[in-house]
>>> print(open('final_39.txt').read())   # compact mmCIF, N, CA and C atoms
# COMPACT_ATOMS: atom_id res chain seq x y z
N GLY J 1 11.14 26.46 247.36
CA GLY J 1 12.42 25.85 247.66
C GLY J 1 13.54 26.62 247.04
N ASP J 2 14.74 26.20 247.34
CA ASP J 2 15.90 26.90 246.82
C ASP J 2 16.55 26.21 245.63
N VAL J 3 15.97 25.08 245.15
CA VAL J 3 16.52 24.36 244.01
C VAL J 3 15.44 24.21 242.93
N LEU J 4 15.82 24.51 241.70
CA LEU J 4 14.93 24.34 240.56
C LEU J 4 15.60 23.39 239.58
N LEU J 5 14.89 22.34 239.16
CA LEU J 5 15.36 21.47 238.09
C LEU J 5 14.58 21.84 236.84
N GLU J 6 15.32 22.29 235.83
CA GLU J 6 14.70 22.73 234.59
C GLU J 6 15.02 21.72 233.49
N ALA J 7 14.00 21.16 232.86
CA ALA J 7 14.20 20.20 231.77
C ALA J 7 14.85 20.90 230.57
N ILE J 8 15.82 20.23 229.96
CA ILE J 8 16.53 20.76 228.80
C ILE J 8 16.64 19.67 227.74
N ASP J 9 16.98 20.06 226.51
CA ASP J 9 17.11 19.10 225.42
C ASP J 9 18.45 18.37 225.44
N ALA J 10 19.53 19.10 225.75
CA ALA J 10 20.87 18.51 225.68
C ALA J 10 21.76 19.09 226.77
N ILE J 11 22.72 18.30 227.20
CA ILE J 11 23.73 18.73 228.17
C ILE J 11 24.95 19.19 227.38
N PRO J 12 25.53 20.33 227.72
CA PRO J 12 26.73 20.79 227.01
C PRO J 12 27.86 19.76 227.07
N SER J 13 28.64 19.69 226.03
CA SER J 13 29.75 18.74 226.00
C SER J 13 30.93 19.30 226.79
N GLY J 14 31.84 18.42 227.14
CA GLY J 14 33.08 18.82 227.80
C GLY J 14 33.00 18.95 229.31
N LEU J 15 31.88 18.60 229.93
CA LEU J 15 31.76 18.68 231.38
C LEU J 15 32.26 17.38 232.02
N ALA J 16 32.89 17.52 233.18
CA ALA J 16 33.40 16.35 233.90
C ALA J 16 32.28 15.68 234.69
N LEU J 17 32.27 14.37 234.67
CA LEU J 17 31.30 13.57 235.42
C LEU J 17 31.71 13.54 236.89
N SER J 18 30.72 13.61 237.78
CA SER J 18 30.95 13.56 239.23
C SER J 18 30.08 12.47 239.84
N HIS J 19 30.52 11.95 240.99
CA HIS J 19 29.72 10.98 241.72
C HIS J 19 29.16 11.57 242.99
N ASP J 20 29.41 12.87 243.23
CA ASP J 20 28.90 13.56 244.42
C ASP J 20 27.43 13.88 244.18
N ARG J 21 26.56 13.35 245.00
CA ARG J 21 25.12 13.51 244.81
C ARG J 21 24.57 14.78 245.48
N LEU J 22 25.40 15.51 246.20
CA LEU J 22 24.98 16.77 246.83
C LEU J 22 24.91 17.85 245.75
N LEU J 23 23.71 18.38 245.50
CA LEU J 23 23.54 19.40 244.48
C LEU J 23 23.65 20.80 245.05
N VAL J 24 22.98 21.05 246.17
CA VAL J 24 23.01 22.37 246.80
C VAL J 24 23.08 22.18 248.31
N ARG J 25 24.06 22.82 248.93
CA ARG J 25 24.26 22.76 250.37
C ARG J 25 23.41 23.85 251.03
N GLY J 26 22.77 23.51 252.14
CA GLY J 26 22.01 24.49 252.91
C GLY J 26 22.95 25.46 253.59
N GLU J 27 22.47 26.64 253.90
CA GLU J 27 23.28 27.67 254.51
C GLU J 27 23.19 27.59 256.03
N GLY J 28 24.32 27.42 256.69
CA GLY J 28 24.37 27.50 258.14
C GLY J 28 23.89 26.27 258.87
N ARG J 29 23.43 25.26 258.18
CA ARG J 29 22.98 24.04 258.84
C ARG J 29 23.55 22.84 258.10
N ASN J 30 23.45 21.69 258.72
CA ASN J 30 24.00 20.45 258.19
C ASN J 30 22.99 19.75 257.28
N HIS J 31 22.55 20.42 256.22
CA HIS J 31 21.60 19.78 255.31
C HIS J 31 21.89 20.19 253.87
N GLY J 32 21.33 19.42 252.96
CA GLY J 32 21.50 19.73 251.55
C GLY J 32 20.48 19.00 250.71
N HIS J 33 20.43 19.35 249.44
CA HIS J 33 19.55 18.69 248.47
C HIS J 33 20.39 17.70 247.67
N PHE J 34 20.01 16.44 247.72
CA PHE J 34 20.74 15.35 247.07
C PHE J 34 19.88 14.75 245.97
N ILE J 35 20.53 14.33 244.88
CA ILE J 35 19.84 13.59 243.83
C ILE J 35 20.10 12.10 244.08
N MET J 36 19.03 11.32 244.13
CA MET J 36 19.15 9.90 244.47
C MET J 36 18.54 9.07 243.35
N GLY J 37 19.20 7.97 243.02
CA GLY J 37 18.72 7.06 242.00
C GLY J 37 19.86 6.19 241.50
N ASP J 38 19.53 5.15 240.74
CA ASP J 38 20.54 4.20 240.30
C ASP J 38 21.20 4.55 238.97
N SER J 39 20.54 5.32 238.13
CA SER J 39 21.08 5.59 236.80
C SER J 39 21.05 7.09 236.50
N ILE J 40 22.02 7.79 237.12
CA ILE J 40 22.09 9.25 237.02
C ILE J 40 23.51 9.66 236.64
N ALA J 41 23.65 10.59 235.73
CA ALA J 41 24.94 11.21 235.43
C ALA J 41 24.88 12.65 235.95
N ILE J 42 25.89 13.03 236.73
CA ILE J 42 25.93 14.34 237.40
C ILE J 42 27.12 15.11 236.87
N TYR J 43 26.88 16.32 236.38
CA TYR J 43 27.94 17.16 235.82
C TYR J 43 27.96 18.50 236.53
N PRO J 44 28.91 18.74 237.44
CA PRO J 44 28.98 20.03 238.13
C PRO J 44 29.38 21.16 237.17
N VAL J 45 28.92 22.36 237.48
CA VAL J 45 29.24 23.56 236.70
C VAL J 45 29.99 24.52 237.63
N GLN J 46 31.10 25.03 237.17
CA GLN J 46 31.90 25.96 237.96
C GLN J 46 31.38 27.39 237.80
N PRO J 47 31.52 28.21 238.86
CA PRO J 47 31.15 29.63 238.72
C PRO J 47 32.02 30.31 237.66
N SER J 48 31.45 31.28 236.99
CA SER J 48 32.19 32.02 235.97
C SER J 48 31.53 33.38 235.78
N ALA J 49 32.06 34.17 234.86
CA ALA J 49 31.45 35.47 234.57
C ALA J 49 30.02 35.30 234.07
N ASP J 50 29.77 34.21 233.34
CA ASP J 50 28.41 33.92 232.82
C ASP J 50 27.52 33.25 233.86
N ASN J 51 28.12 32.75 234.94
CA ASN J 51 27.38 32.01 235.97
C ASN J 51 27.82 32.51 237.36
N PRO J 52 27.54 33.76 237.68
CA PRO J 52 27.98 34.29 238.98
C PRO J 52 27.19 33.67 240.13
N ALA J 53 27.83 33.57 241.28
CA ALA J 53 27.19 33.14 242.53
C ALA J 53 26.64 31.72 242.45
N ASP J 54 27.21 30.89 241.60
CA ASP J 54 26.76 29.49 241.50
C ASP J 54 25.27 29.37 241.24
N VAL J 55 24.69 30.20 240.41
CA VAL J 55 23.26 30.11 240.11
C VAL J 55 22.97 28.79 239.40
N LEU J 56 23.74 28.45 238.38
CA LEU J 56 23.64 27.16 237.70
C LEU J 56 24.69 26.26 238.34
N THR J 57 24.25 25.18 239.02
CA THR J 57 25.20 24.36 239.78
C THR J 57 25.57 23.05 239.10
N HIS J 58 24.63 22.42 238.38
CA HIS J 58 24.87 21.11 237.79
C HIS J 58 23.99 20.91 236.55
N TYR J 59 24.40 19.92 235.76
CA TYR J 59 23.53 19.32 234.75
C TYR J 59 23.33 17.87 235.17
N LEU J 60 22.14 17.35 234.92
CA LEU J 60 21.82 15.97 235.29
C LEU J 60 21.25 15.22 234.09
N GLU J 61 21.64 13.98 233.98
CA GLU J 61 20.99 13.08 233.04
C GLU J 61 20.40 11.95 233.88
N VAL J 62 19.09 11.87 233.91
CA VAL J 62 18.37 10.89 234.71
C VAL J 62 17.83 9.84 233.74
N ASN J 63 18.35 8.62 233.83
CA ASN J 63 17.95 7.56 232.90
C ASN J 63 16.81 6.71 233.42
N GLU J 64 16.66 6.64 234.73
CA GLU J 64 15.55 5.96 235.38
C GLU J 64 15.03 6.91 236.45
N SER J 65 13.82 6.71 236.89
CA SER J 65 13.26 7.61 237.91
C SER J 65 14.24 7.82 239.06
N ALA J 66 14.27 9.05 239.55
CA ALA J 66 15.16 9.44 240.64
C ALA J 66 14.37 10.32 241.60
N SER J 67 15.03 10.80 242.64
CA SER J 67 14.35 11.71 243.56
C SER J 67 15.33 12.77 244.04
N LEU J 68 14.78 13.93 244.37
CA LEU J 68 15.52 15.02 244.99
C LEU J 68 15.15 14.96 246.47
N GLU J 69 16.16 14.77 247.33
CA GLU J 69 15.90 14.57 248.75
C GLU J 69 16.65 15.57 249.60
N HIS J 70 16.01 16.02 250.65
CA HIS J 70 16.57 16.95 251.62
C HIS J 70 17.13 16.11 252.76
N GLN J 71 18.47 16.04 252.88
CA GLN J 71 19.10 15.14 253.85
C GLN J 71 20.14 15.87 254.70
N LEU J 72 20.45 15.26 255.85
CA LEU J 72 21.58 15.71 256.65
C LEU J 72 22.85 15.32 255.92
N ILE J 73 23.79 16.24 255.80
CA ILE J 73 24.99 15.99 255.01
C ILE J 73 25.89 14.95 255.68
N ASP J 74 26.06 15.04 256.98
CA ASP J 74 27.01 14.14 257.64
C ASP J 74 26.48 12.72 257.84
N ARG J 75 25.16 12.53 257.86
CA ARG J 75 24.61 11.20 258.13
C ARG J 75 23.76 10.65 257.00
N GLY J 76 23.39 11.46 256.02
CA GLY J 76 22.57 10.99 254.91
C GLY J 76 21.15 10.65 255.31
N GLU J 77 20.68 11.20 256.43
CA GLU J 77 19.32 10.93 256.88
C GLU J 77 18.38 12.02 256.39
N TRP J 78 17.15 11.62 256.12
CA TRP J 78 16.11 12.55 255.69
C TRP J 78 15.83 13.55 256.80
N THR J 79 15.74 14.84 256.47
CA THR J 79 15.52 15.88 257.46
C THR J 79 14.06 16.06 257.84
N ARG J 80 13.15 15.52 257.04
CA ARG J 80 11.71 15.69 257.20
C ARG J 80 11.27 17.13 256.94
N GLU J 81 12.18 17.96 256.40
CA GLU J 81 11.83 19.34 256.07
C GLU J 81 10.85 19.36 254.90
N HIS J 82 11.07 18.48 253.93
CA HIS J 82 10.08 18.27 252.88
C HIS J 82 10.25 16.85 252.33
N ALA J 83 9.19 16.33 251.77
CA ALA J 83 9.20 14.97 251.23
C ALA J 83 10.09 14.91 249.99
N PRO J 84 10.63 13.71 249.68
CA PRO J 84 11.38 13.56 248.43
C PRO J 84 10.51 13.93 247.23
N ILE J 85 11.15 14.52 246.23
CA ILE J 85 10.45 14.93 245.01
C ILE J 85 10.88 13.99 243.89
N GLU J 86 9.92 13.31 243.28
CA GLU J 86 10.22 12.37 242.21
C GLU J 86 10.64 13.12 240.94
N ILE J 87 11.71 12.63 240.30
CA ILE J 87 12.25 13.23 239.09
C ILE J 87 12.14 12.20 237.97
N PRO J 88 11.36 12.47 236.92
CA PRO J 88 11.24 11.51 235.82
C PRO J 88 12.51 11.51 234.96
N PRO J 89 12.72 10.45 234.18
CA PRO J 89 13.87 10.42 233.29
C PRO J 89 13.91 11.65 232.38
N GLY J 90 15.11 12.13 232.12
CA GLY J 90 15.30 13.30 231.26
C GLY J 90 16.63 13.97 231.54
N ARG J 91 16.83 15.11 230.91
CA ARG J 91 18.02 15.93 231.11
C ARG J 91 17.59 17.23 231.78
N TYR J 92 18.39 17.68 232.75
CA TYR J 92 18.02 18.84 233.55
C TYR J 92 19.23 19.71 233.83
N ARG J 93 18.94 20.98 234.09
CA ARG J 93 19.95 21.83 234.70
C ARG J 93 19.44 22.20 236.08
N VAL J 94 20.37 22.28 237.03
CA VAL J 94 20.05 22.57 238.43
C VAL J 94 20.36 24.03 238.68
N ILE J 95 19.35 24.78 239.10
CA ILE J 95 19.47 26.21 239.30
C ILE J 95 19.15 26.54 240.75
N ARG J 96 20.03 27.33 241.38
CA ARG J 96 19.72 27.86 242.71
C ARG J 96 18.77 29.03 242.49
N GLN J 97 17.61 28.95 243.07
CA GLN J 97 16.61 29.98 242.85
C GLN J 97 17.02 31.29 243.52
N ARG J 98 16.56 32.37 242.92
CA ARG J 98 16.80 33.71 243.43
C ARG J 98 15.47 34.38 243.73
N GLU J 99 15.52 35.39 244.57
CA GLU J 99 14.33 36.16 244.87
C GLU J 99 14.69 37.64 244.90
N TYR J 100 13.71 38.46 244.59
CA TYR J 100 13.91 39.91 244.59
C TYR J 100 13.32 40.48 245.87
N ASN J 101 14.11 41.29 246.58
CA ASN J 101 13.64 41.99 247.77
C ASN J 101 13.40 43.44 247.37
N PRO J 102 12.13 43.85 247.22
CA PRO J 102 11.85 45.21 246.75
C PRO J 102 12.26 46.30 247.75
N TYR J 103 12.33 45.96 249.03
CA TYR J 103 12.73 46.96 250.04
C TYR J 103 14.22 47.24 249.97
N ALA J 104 15.00 46.18 249.78
CA ALA J 104 16.46 46.35 249.66
C ALA J 104 16.87 46.59 248.21
N ARG J 105 15.91 46.40 247.28
CA ARG J 105 16.19 46.52 245.85
C ARG J 105 17.37 45.64 245.46
N ALA J 106 17.28 44.39 245.90
CA ALA J 106 18.38 43.47 245.66
C ALA J 106 17.83 42.09 245.30
N ILE J 107 18.61 41.37 244.52
CA ILE J 107 18.31 39.99 244.19
C ILE J 107 19.26 39.13 245.02
N ARG J 108 18.70 38.09 245.65
CA ARG J 108 19.55 37.21 246.45
C ARG J 108 19.14 35.76 246.22
N LEU J 109 20.05 34.85 246.56
CA LEU J 109 19.74 33.43 246.45
C LEU J 109 18.73 33.04 247.51
N VAL J 110 17.78 32.18 247.15
CA VAL J 110 16.80 31.67 248.13
C VAL J 110 17.55 30.73 249.06
N ARG J 111 17.28 30.83 250.35
CA ARG J 111 17.96 30.01 251.35
C ARG J 111 16.95 29.29 252.21
N ASP J 112 17.22 28.01 252.49
CA ASP J 112 16.35 27.25 253.41
C ASP J 112 16.65 27.72 254.82
>>> encode(input="final_39.txt", output="structure tokens")
Amino acid sequence: GDVLLEAIDAIPSGLALSHDRLLVRGEGRNHGHFIMGDSIAIYPVQPSADNPADVLTHYLEVNESASLEHQLIDRGEWTREHAPIEIPPGRYRVIRQREYNPYARAIRLVRD
């Protein structure tokens, strides 16, 4: 997949809370990866010199079980591209995965 949730000990201070549950938008199609659950804190991360190309997109604090779901952006319907992934309580950083193309000798973001 193109999204990795990595468990961490603490979320950096000073980040603004968001209610937008879209973590990563799909490229060229009307779909995205959404975090779903009743007790979640979502902290978006802006691109910077230390975070080029939006590799690190968010920090999450999940207080009760949640799920990562692949949905249509405009209708919020499940795409059936993959089943929801259960996320246990904890703190996470959301990373857009990258892949290395040895023929092009380039690193690029993984795309659905």
>>> closest_residue(input="final_39.txt", among="J:Val3, J:Gly37, J:His70, J:Ile11", to="Tyr92 of chain J", atoms="only N, CA and C atoms")
J:Ile11
>>> closest_residue(input="final_39.txt", among="J:Glu61, J:Asp2, J:Asp9, J:Asp38", to="Val24 of chain J", atoms="only C-alpha atoms")
J:Asp2
>>> closest_residue(input="final_39.txt", among="J:Asp74, J:Glu69, J:Glu6, J:Asp50", to="Glu86 of chain J", atoms="only N, CA and C atoms")
J:Glu69
>>> atom_distance(input="final_39.txt", atom1="atom CA of Ser48 of chain J", atom2="atom CA of Leu68 of chain J")
25.5 Å
>>> atom_distance(input="final_39.txt", atom1="atom C of Gly32 of chain J", atom2="atom C of Ala83 of chain J")
11.2 Å
>>> atom_distance(input="final_39.txt", atom1="atom C of Leu4 of chain J", atom2="atom C of His19 of chain J")
18.3 Å
>>> residues_around(input="final_39.txt", residues="Met36 of chain J", least_positions_apart="2", cutoff="8 Å", atoms="only N, CA and C atoms", output="PDB file with N, CA and C atoms, in the frame of the given file")
ATOM      1  N   ARG J  21      26.560  13.350 245.000  1.00  0.00           N
ATOM      2  CA  ARG J  21      25.120  13.510 244.810  1.00  0.00           C
ATOM      3  C   ARG J  21      24.570  14.780 245.480  1.00  0.00           C
ATOM      4  N   LEU J  22      25.400  15.510 246.200  1.00  0.00           N
ATOM      5  CA  LEU J  22      24.980  16.770 246.830  1.00  0.00           C
ATOM      6  C   LEU J  22      24.910  17.850 245.750  1.00  0.00           C
ATOM      7  N   HIS J  33      20.430  19.350 249.440  1.00  0.00           N
ATOM      8  CA  HIS J  33      19.550  18.690 248.470  1.00  0.00           C
ATOM      9  C   HIS J  33      20.390  17.700 247.670  1.00  0.00           C
ATOM     10  N   PHE J  34      20.010  16.440 247.720  1.00  0.00           N
ATOM     11  CA  PHE J  34      20.740  15.350 247.070  1.00  0.00           C
ATOM     12  C   PHE J  34      19.880  14.750 245.970  1.00  0.00           C
ATOM     13  N   ASP J  38      19.530   5.150 240.740  1.00  0.00           N
ATOM     14  CA  ASP J  38      20.540   4.200 240.300  1.00  0.00           C
ATOM     15  C   ASP J  38      21.200   4.550 238.970  1.00  0.00           C
ATOM     16  N   SER J  39      20.540   5.320 238.130  1.00  0.00           N
ATOM     17  CA  SER J  39      21.080   5.590 236.800  1.00  0.00           C
ATOM     18  C   SER J  39      21.050   7.090 236.500  1.00  0.00           C
ATOM     19  N   ILE J  40      22.020   7.790 237.120  1.00  0.00           N
ATOM     20  CA  ILE J  40      22.090   9.250 237.020  1.00  0.00           C
ATOM     21  C   ILE J  40      23.510   9.660 236.640  1.00  0.00           C
ATOM     22  N   SER J  65      13.820   6.710 236.890  1.00  0.00           N
ATOM     23  CA  SER J  65      13.260   7.610 237.910  1.00  0.00           C
ATOM     24  C   SER J  65      14.240   7.820 239.060  1.00  0.00           C
ATOM     25  N   ALA J  66      14.270   9.050 239.550  1.00  0.00           N
ATOM     26  CA  ALA J  66      15.160   9.440 240.640  1.00  0.00           C
ATOM     27  C   ALA J  66      14.370  10.320 241.600  1.00  0.00           C
ATOM     28  N   SER J  67      15.030  10.800 242.640  1.00  0.00           N
ATOM     29  CA  SER J  67      14.350  11.710 243.560  1.00  0.00           C
ATOM     30  C   SER J  67      15.330  12.770 244.040  1.00  0.00           C
ATOM     31  N   LEU J  68      14.780  13.930 244.370  1.00  0.00           N
ATOM     32  CA  LEU J  68      15.520  15.020 244.990  1.00  0.00           C
ATOM     33  C   LEU J  68      15.150  14.960 246.470  1.00  0.00           C
ATOM     34  N   GLU J  69      16.160  14.770 247.330  1.00  0.00           N
ATOM     35  CA  GLU J  69      15.900  14.570 248.750  1.00  0.00           C
ATOM     36  C   GLU J  69      16.650  15.570 249.600  1.00  0.00           C
TER      37      GLU J  69
END
>>> closest_residue(input="final_39.txt", among="J:Val62, J:Ile73, J:Val55, J:Ile35", to="Pro89 of chain J", atoms="all atoms listed in the file")
J:Val62
>>> closest_residue(input="final_39.txt", among="J:His31, J:Ile8, J:Val94, J:Leu23", to="Gln71 of chain J", atoms="only N, CA and C atoms")
J:His31
>>> decode(input="final_39.txt", residues="segment 55-66 of chain J", atoms="all heavy atoms", output="PDB file, in the first residue's frame")
ATOM      1  N   VAL J  55       6.143  13.320   2.681  1.00  0.00           N
ATOM      2  CA  VAL J  55       6.396  11.934   3.083  1.00  0.00           C
ATOM      3  C   VAL J  55       5.728  11.661   4.429  1.00  0.00           C
ATOM      4  O   VAL J  55       5.028  10.670   4.588  1.00  0.00           O
ATOM      5  CB  VAL J  55       7.907  11.632   3.128  1.00  0.00           C
ATOM      6  CG1 VAL J  55       8.163  10.259   3.713  1.00  0.00           C
ATOM      7  CG2 VAL J  55       8.496  11.734   1.730  1.00  0.00           C
ATOM      8  N   LEU J  56       5.916  12.533   5.405  1.00  0.00           N
ATOM      9  CA  LEU J  56       5.231  12.444   6.691  1.00  0.00           C
ATOM     10  C   LEU J  56       4.011  13.349   6.586  1.00  0.00           C
ATOM     11  O   LEU J  56       4.139  14.553   6.408  1.00  0.00           O
ATOM     12  CB  LEU J  56       6.151  12.900   7.825  1.00  0.00           C
ATOM     13  CG  LEU J  56       5.549  13.011   9.218  1.00  0.00           C
ATOM     14  CD1 LEU J  56       5.021  11.667   9.690  1.00  0.00           C
ATOM     15  CD2 LEU J  56       6.571  13.571  10.178  1.00  0.00           C
ATOM     16  N   THR J  57       2.801  12.765   6.658  1.00  0.00           N
ATOM     17  CA  THR J  57       1.594  13.565   6.417  1.00  0.00           C
ATOM     18  C   THR J  57       0.837  13.938   7.684  1.00  0.00           C
ATOM     19  O   THR J  57       0.224  14.997   7.737  1.00  0.00           O
ATOM     20  CB  THR J  57       0.621  12.839   5.465  1.00  0.00           C
ATOM     21  OG1 THR J  57       0.130  11.658   6.084  1.00  0.00           O
ATOM     22  CG2 THR J  57       1.289  12.515   4.146  1.00  0.00           C
ATOM     23  N   HIS J  58       0.826  13.068   8.701  1.00  0.00           N
ATOM     24  CA  HIS J  58       0.037  13.299   9.904  1.00  0.00           C
ATOM     25  C   HIS J  58       0.651  12.578  11.101  1.00  0.00           C
ATOM     26  O   HIS J  58       1.416  11.632  10.935  1.00  0.00           O
ATOM     27  CB  HIS J  58      -1.385  12.729   9.757  1.00  0.00           C
ATOM     28  CG  HIS J  58      -2.204  13.347   8.699  1.00  0.00           C
ATOM     29  ND1 HIS J  58      -2.078  13.013   7.374  1.00  0.00           N
ATOM     30  CD2 HIS J  58      -3.177  14.273   8.766  1.00  0.00           C
ATOM     31  CE1 HIS J  58      -2.945  13.714   6.661  1.00  0.00           C
ATOM     32  NE2 HIS J  58      -3.623  14.479   7.483  1.00  0.00           N
ATOM     33  N   TYR J  59       0.221  13.022  12.281  1.00  0.00           N
ATOM     34  CA  TYR J  59       0.377  12.259  13.515  1.00  0.00           C
ATOM     35  C   TYR J  59      -1.031  11.920  13.984  1.00  0.00           C
ATOM     36  O   TYR J  59      -1.962  12.716  13.807  1.00  0.00           O
ATOM     37  CB  TYR J  59       1.093  13.073  14.596  1.00  0.00           C
ATOM     38  CG  TYR J  59       2.570  13.240  14.346  1.00  0.00           C
ATOM     39  CD1 TYR J  59       3.064  14.382  13.743  1.00  0.00           C
ATOM     40  CD2 TYR J  59       3.467  12.247  14.721  1.00  0.00           C
ATOM     41  CE1 TYR J  59       4.421  14.537  13.508  1.00  0.00           C
ATOM     42  CE2 TYR J  59       4.825  12.389  14.493  1.00  0.00           C
ATOM     43  CZ  TYR J  59       5.294  13.538  13.886  1.00  0.00           C
ATOM     44  OH  TYR J  59       6.634  13.679  13.658  1.00  0.00           O
ATOM     45  N   LEU J  60      -1.191  10.746  14.572  1.00  0.00           N
ATOM     46  CA  LEU J  60      -2.491  10.303  15.061  1.00  0.00           C
ATOM     47  C   LEU J  60      -2.390   9.845  16.505  1.00  0.00           C
ATOM     48  O   LEU J  60      -1.415   9.190  16.882  1.00  0.00           O
ATOM     49  CB  LEU J  60      -2.996   9.099  14.251  1.00  0.00           C
ATOM     50  CG  LEU J  60      -3.153   9.249  12.751  1.00  0.00           C
ATOM     51  CD1 LEU J  60      -3.522   7.902  12.146  1.00  0.00           C
ATOM     52  CD2 LEU J  60      -4.208  10.285  12.440  1.00  0.00           C
ATOM     53  N   GLU J  61      -3.403  10.179  17.264  1.00  0.00           N
ATOM     54  CA  GLU J  61      -3.555   9.593  18.595  1.00  0.00           C
ATOM     55  C   GLU J  61      -4.884   8.843  18.575  1.00  0.00           C
ATOM     56  O   GLU J  61      -5.948   9.448  18.426  1.00  0.00           O
ATOM     57  CB  GLU J  61      -3.551  10.643  19.686  1.00  0.00           C
ATOM     58  CG  GLU J  61      -3.590  10.015  21.055  1.00  0.00           C
ATOM     59  CD  GLU J  61      -3.208  10.981  22.160  1.00  0.00           C
ATOM     60  OE1 GLU J  61      -3.020  12.167  21.896  1.00  0.00           O
ATOM     61  OE2 GLU J  61      -3.106  10.504  23.304  1.00  0.00           O
ATOM     62  N   VAL J  62      -4.807   7.538  18.685  1.00  0.00           N
ATOM     63  CA  VAL J  62      -5.982   6.667  18.626  1.00  0.00           C
ATOM     64  C   VAL J  62      -6.247   6.192  20.051  1.00  0.00           C
ATOM     65  O   VAL J  62      -5.439   5.467  20.623  1.00  0.00           O
ATOM     66  CB  VAL J  62      -5.730   5.476  17.666  1.00  0.00           C
ATOM     67  CG1 VAL J  62      -6.916   4.541  17.661  1.00  0.00           C
ATOM     68  CG2 VAL J  62      -5.403   5.974  16.270  1.00  0.00           C
ATOM     69  N   ASN J  63      -7.376   6.631  20.621  1.00  0.00           N
ATOM     70  CA  ASN J  63      -7.693   6.293  22.008  1.00  0.00           C
ATOM     71  C   ASN J  63      -8.553   5.045  22.136  1.00  0.00           C
ATOM     72  O   ASN J  63      -8.576   4.418  23.192  1.00  0.00           O
ATOM     73  CB  ASN J  63      -8.373   7.476  22.690  1.00  0.00           C
ATOM     74  CG  ASN J  63      -7.438   8.659  22.761  1.00  0.00           C
ATOM     75  OD1 ASN J  63      -6.325   8.545  23.238  1.00  0.00           O
ATOM     76  ND2 ASN J  63      -7.870   9.791  22.242  1.00  0.00           N
ATOM     77  N   GLU J  64      -9.306   4.725  21.099  1.00  0.00           N
ATOM     78  CA  GLU J  64     -10.094   3.506  21.024  1.00  0.00           C
ATOM     79  C   GLU J  64      -9.838   2.909  19.650  1.00  0.00           C
ATOM     80  O   GLU J  64      -9.418   3.612  18.745  1.00  0.00           O
ATOM     81  CB  GLU J  64     -11.586   3.803  21.189  1.00  0.00           C
ATOM     82  CG  GLU J  64     -11.944   4.379  22.537  1.00  0.00           C
ATOM     83  CD  GLU J  64     -13.415   4.770  22.633  1.00  0.00           C
ATOM     84  OE1 GLU J  64     -14.189   4.464  21.704  1.00  0.00           O
ATOM     85  OE2 GLU J  64     -13.771   5.392  23.640  1.00  0.00           O
ATOM     86  N   SER J  65     -10.103   1.648  19.477  1.00  0.00           N
ATOM     87  CA  SER J  65      -9.849   1.020  18.176  1.00  0.00           C
ATOM     88  C   SER J  65     -10.421   1.856  17.037  1.00  0.00           C
ATOM     89  O   SER J  65     -11.496   2.437  17.154  1.00  0.00           O
ATOM     90  CB  SER J  65     -10.461  -0.379  18.134  1.00  0.00           C
ATOM     91  OG  SER J  65      -9.748  -1.229  18.993  1.00  0.00           O
ATOM     92  N   ALA J  66      -9.680   1.892  15.944  1.00  0.00           N
ATOM     93  CA  ALA J  66     -10.058   2.665  14.762  1.00  0.00           C
ATOM     94  C   ALA J  66      -9.764   1.809  13.537  1.00  0.00           C
ATOM     95  O   ALA J  66      -9.310   0.667  13.656  1.00  0.00           O
ATOM     96  CB  ALA J  66      -9.270   3.971  14.722  1.00  0.00           C
TER      97      ALA J  66
END
